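Colleague: Structure below; questions to follow.
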Amino acid sequence: MLTAKLLRHTCALALFSAPLAVMAAPSTDPLFTIGLLGSYSTFEFEGGSKSDKEHLAQGGVFANYGNKMTAESGFIYQLGGEVKYSKKNDDKLKEAQADLDLGWRAALDARNFVDVIVGGGYNWTRFEPEINNLDTKLTLKSPFAKVALGYNHQFDTSTLRAEVGVRRSIDGRAHLKVDDFGSDSVDMKDRTNPYAEVSLLMNQNGDMPINAGVYYTRTEYKIDEDSPVADNTKLKRDEFGVKVGLAF
């Protein structure tokens, strides 16, 4: 008789607690995420009356740490970095970027949140084209500041985030080196470049959350010189990419 009563109480407790386990609130702890990325870029060069277009695919890795995908309200932050590489024929493209985001999040209701972000970082890009069998290296370096708006929607076990903003390059430098012919450096004009990204954090309460997303960035490079040729010379880049990583 005692066993039957204990069994009934155990079943009742399990039935009562099961919905609570399913509807448990997602964790708000910061996450470390590491994964792979792939992108496709269109480069458009304009110089004087001439223009040229190139298309390039890249692969790489990324990592970040912070609570930008998990926090519900208050202070948010994220420190991140990525490295990308591409080779097309004998031309190579290498890139690295690091950035820090700081912001404040407000709750619209139990599942919807908006935030404002400010931040900064550093971008390094190296083009290595093979021109007439000469070893050529064009290196672009630029710190940047950023401002963005974000929106998070919280599902039962996942979070969807959208972010749009701009990065402002500051005191960029371009360095060109051609084999044994020497090298030269010039200043780059400060430019404001827009970006947008959408991310989905899945299995948020599980043992192995997955973070996947898509992004778009537009970057413009322009030499800061007083000559008529330099003033009409610029390089535009439109990049579309995907990211998939594991969060811990």
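Chains: A, B, ... in order of the structure tokens. Residues: from 1 per chain. Ligands: from 1, in order shown.
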Using DSSP on the backbone coordinates, identify the residues of region 48-210 of chain A assigned to strand (DSSP E); present them as number ranges by chain.
Modeller: A: 50-66, 74-88, 91-107, 112-128, 130-131, 134-154, 159-169, 173-178, 183-187, 192-202, 210
Colleague: Residues near region 150-167 of chain A, anyone? I mean within 9 Å using only C-alpha atoms, not counting same-chain ones fewer than 3 positions away, as a ChimeraX atom specification.
Modeller: /A:22-26,68-70,72,105,110-117,120,144-147,191-206,209
Colleague: Using N, CA, C and O atoms, can you export the residues from the last selection as a short mmCIF file (atom, residue, chain, number, x, y, z; two decimals), in the first residue's frame?
Modeller:
data_model
loop_
_atom_site.label_atom_id
_atom_site.label_comp_id
_atom_site.auth_asym_id
_atom_site.auth_seq_id
_atom_site.Cartn_x
_atom_site.Cartn_y
_atom_site.Cartn_z
N VAL A 22 10.29 22.24 -19.33
CA VAL A 22 10.21 22.60 -20.74
C VAL A 22 10.22 24.10 -20.93
O VAL A 22 10.83 24.63 -21.84
N MET A 23 9.57 24.84 -20.03
CA MET A 23 9.42 26.28 -20.17
C MET A 23 10.49 27.05 -19.39
O MET A 23 10.32 28.23 -19.14
N ALA A 24 11.55 26.37 -18.96
CA ALA A 24 12.59 27.05 -18.19
C ALA A 24 13.16 28.21 -18.99
O ALA A 24 13.38 28.11 -20.19
N ALA A 25 13.43 29.32 -18.29
CA ALA A 25 13.95 30.50 -18.96
C ALA A 25 15.36 30.23 -19.48
O ALA A 25 16.15 29.55 -18.83
N PRO A 26 15.69 30.72 -20.68
CA PRO A 26 17.05 30.54 -21.21
C PRO A 26 18.08 31.18 -20.30
O PRO A 26 17.81 32.19 -19.62
N LYS A 68 25.94 39.27 -25.42
CA LYS A 68 25.11 40.00 -26.38
C LYS A 68 23.94 39.15 -26.89
O LYS A 68 22.89 39.68 -27.24
N MET A 69 24.11 37.84 -26.92
CA MET A 69 23.04 36.95 -27.37
C MET A 69 22.16 36.45 -26.23
O MET A 69 21.09 35.88 -26.48
N THR A 70 22.57 36.63 -24.98
CA THR A 70 21.87 35.98 -23.87
C THR A 70 21.25 36.95 -22.85
O THR A 70 20.25 36.60 -22.22
N GLU A 72 19.14 39.77 -20.89
CA GLU A 72 17.76 40.24 -21.07
C GLU A 72 17.64 41.74 -20.88
O GLU A 72 16.83 42.38 -21.55
N ARG A 105 20.88 47.27 -22.78
CA ARG A 105 19.69 46.60 -23.31
C ARG A 105 18.47 46.90 -22.44
O ARG A 105 18.55 46.93 -21.21
N ALA A 110 8.38 40.34 -22.12
CA ALA A 110 9.08 39.17 -21.61
C ALA A 110 9.97 38.52 -22.65
O ALA A 110 10.91 37.79 -22.30
N ARG A 111 9.72 38.74 -23.95
CA ARG A 111 10.47 38.05 -24.99
C ARG A 111 11.21 38.97 -25.97
O ARG A 111 11.99 38.49 -26.77
N ASN A 112 10.97 40.26 -25.92
CA ASN A 112 11.56 41.17 -26.90
C ASN A 112 12.41 42.23 -26.22
O ASN A 112 11.97 42.83 -25.22
N PHE A 113 13.60 42.46 -26.79
CA PHE A 113 14.57 43.37 -26.18
C PHE A 113 15.26 44.20 -27.26
O PHE A 113 15.50 43.71 -28.37
N VAL A 114 15.59 45.44 -26.94
CA VAL A 114 16.32 46.31 -27.85
C VAL A 114 17.55 46.84 -27.14
O VAL A 114 17.57 46.96 -25.90
N ASP A 115 18.59 47.18 -27.90
CA ASP A 115 19.81 47.68 -27.29
C ASP A 115 20.52 48.66 -28.21
O ASP A 115 20.29 48.69 -29.41
N VAL A 116 21.37 49.45 -27.60
CA VAL A 116 22.25 50.40 -28.29
C VAL A 116 23.68 50.00 -27.98
O VAL A 116 24.02 49.74 -26.82
N ILE A 117 24.52 49.96 -29.01
CA ILE A 117 25.89 49.50 -28.85
C ILE A 117 26.87 50.53 -29.39
O ILE A 117 26.63 51.13 -30.45
N GLY A 120 34.57 49.57 -30.76
CA GLY A 120 35.70 49.88 -31.62
C GLY A 120 36.51 48.63 -31.88
O GLY A 120 36.25 47.57 -31.32
N PHE A 144 38.92 51.37 -35.99
CA PHE A 144 37.58 51.85 -36.32
C PHE A 144 36.73 51.99 -35.06
O PHE A 144 36.99 51.33 -34.04
N ALA A 145 35.74 52.87 -35.15
CA ALA A 145 34.73 53.00 -34.11
C ALA A 145 33.40 52.54 -34.71
O ALA A 145 33.21 52.57 -35.92
N LYS A 146 32.48 52.10 -33.86
CA LYS A 146 31.22 51.59 -34.37
C LYS A 146 30.06 52.01 -33.48
O LYS A 146 30.21 52.22 -32.27
N VAL A 147 28.88 52.15 -34.11
CA VAL A 147 27.62 52.43 -33.41
C VAL A 147 26.57 51.52 -34.04
O VAL A 147 26.53 51.37 -35.27
N ARG A 191 36.37 56.63 -43.59
CA ARG A 191 35.13 56.29 -44.28
C ARG A 191 34.14 55.69 -43.29
O ARG A 191 34.53 55.06 -42.29
N THR A 192 32.84 55.89 -43.54
CA THR A 192 31.78 55.29 -42.74
C THR A 192 31.17 54.13 -43.53
O THR A 192 30.63 54.33 -44.62
N ASN A 193 31.28 52.93 -42.99
CA ASN A 193 30.88 51.72 -43.70
C ASN A 193 29.74 51.01 -42.96
O ASN A 193 29.88 50.67 -41.78
N PRO A 194 28.62 50.75 -43.62
CA PRO A 194 27.48 50.10 -42.96
C PRO A 194 27.63 48.59 -42.89
O PRO A 194 28.38 47.98 -43.67
N TYR A 195 26.93 47.98 -41.94
CA TYR A 195 26.91 46.51 -41.85
C TYR A 195 25.57 46.08 -41.24
O TYR A 195 24.86 46.87 -40.60
N ALA A 196 25.23 44.82 -41.44
CA ALA A 196 24.02 44.23 -40.87
C ALA A 196 24.27 42.75 -40.63
O ALA A 196 25.02 42.11 -41.39
N GLU A 197 23.68 42.21 -39.58
CA GLU A 197 23.84 40.78 -39.30
C GLU A 197 22.61 40.23 -38.57
O GLU A 197 21.93 40.96 -37.85
N VAL A 198 22.32 38.97 -38.81
CA VAL A 198 21.24 38.25 -38.14
C VAL A 198 21.82 36.96 -37.59
O VAL A 198 22.47 36.20 -38.33
N SER A 199 21.59 36.69 -36.29
CA SER A 199 22.15 35.51 -35.64
C SER A 199 21.05 34.74 -34.92
O SER A 199 20.08 35.33 -34.41
N LEU A 200 21.21 33.41 -34.85
CA LEU A 200 20.28 32.55 -34.14
C LEU A 200 21.06 31.63 -33.22
O LEU A 200 21.91 30.85 -33.67
N LEU A 201 20.79 31.75 -31.91
CA LEU A 201 21.39 30.87 -30.91
C LEU A 201 20.40 29.75 -30.63
O LEU A 201 19.33 30.00 -30.06
N MET A 202 20.74 28.52 -31.02
CA MET A 202 19.84 27.38 -30.88
C MET A 202 20.28 26.46 -29.75
O MET A 202 21.44 26.45 -29.36
N ASN A 203 19.30 25.68 -29.23
CA ASN A 203 19.56 24.74 -28.14
C ASN A 203 20.21 25.46 -26.96
O ASN A 203 21.19 24.99 -26.38
N GLN A 204 19.64 26.61 -26.61
CA GLN A 204 20.27 27.51 -25.64
C GLN A 204 20.42 26.89 -24.26
O GLN A 204 21.36 27.21 -23.54
N ASN A 205 19.50 26.01 -23.86
CA ASN A 205 19.58 25.37 -22.55
C ASN A 205 20.23 23.99 -22.61
O ASN A 205 20.30 23.29 -21.60
N GLY A 206 20.67 23.57 -23.78
CA GLY A 206 21.26 22.25 -23.93
C GLY A 206 22.74 22.22 -23.61
O GLY A 206 23.35 23.22 -23.23
N PRO A 209 25.02 24.39 -27.25
CA PRO A 209 24.32 25.41 -28.06
C PRO A 209 25.05 25.70 -29.36
O PRO A 209 26.28 25.64 -29.44
#
Colleague: Just asking: which residues within region 42-232 of chain A are alpha helix (DSSP H) according to DSSP, as an mmCIF file with N, CA, C and O atoms, in the first residue's frame?
Modeller:
data_model
loop_
_atom_site.group_PDB
_atom_site.id
_atom_site.type_symbol
_atom_site.label_atom_id
_atom_site.label_comp_id
_atom_site.auth_asym_id
_atom_site.auth_seq_id
_atom_site.Cartn_x
_atom_site.Cartn_y
_atom_site.Cartn_z
ATOM 1 N N PRO A 228 44.962 64.775 -58.359
ATOM 2 C CA PRO A 228 43.691 64.470 -59.024
ATOM 3 C C PRO A 228 43.493 62.976 -59.233
ATOM 4 O O PRO A 228 42.381 62.469 -59.161
ATOM 5 N N VAL A 229 44.584 62.235 -59.499
ATOM 6 C CA VAL A 229 44.458 60.797 -59.724
ATOM 7 C C VAL A 229 44.026 60.089 -58.454
ATOM 8 O O VAL A 229 43.096 59.276 -58.442
ATOM 9 N N ALA A 230 44.700 60.401 -57.342
ATOM 10 C CA ALA A 230 44.374 59.757 -56.075
ATOM 11 C C ALA A 230 42.973 60.120 -55.614
ATOM 12 O O ALA A 230 42.274 59.312 -55.021
ATOM 13 N N ASP A 231 42.551 61.337 -55.917
ATOM 14 C CA ASP A 231 41.246 61.784 -55.454
ATOM 15 C C ASP A 231 40.119 61.024 -56.133
ATOM 16 O O ASP A 231 39.020 60.933 -55.611
#
Colleague: How far is it from CA of Lys137 (chain A) to CA of Lys177 (chain A), in Å with one decimal?
Modeller: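 So the two atoms, CA of Lys137 (chain A) and CA of Lys177 (chain A), lie 5.2 Å apart.
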Colleague: Out of A:Ala107, A:Leu102, A:Thr217, A:Lys92, which residue has the shortest atom-to-atom distance to Phe127 (chain A) when counting only C-alpha atoms?
Modeller: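 So, comparing all the options, the nearest one is A:Lys92.
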Colleague: Nearest to Ser27 (chain A): which of A:Glu95, A:Asp224, A:Asp238, A:Asp207 is it, counting only C-alpha atoms?
Modeller: A:Asp207
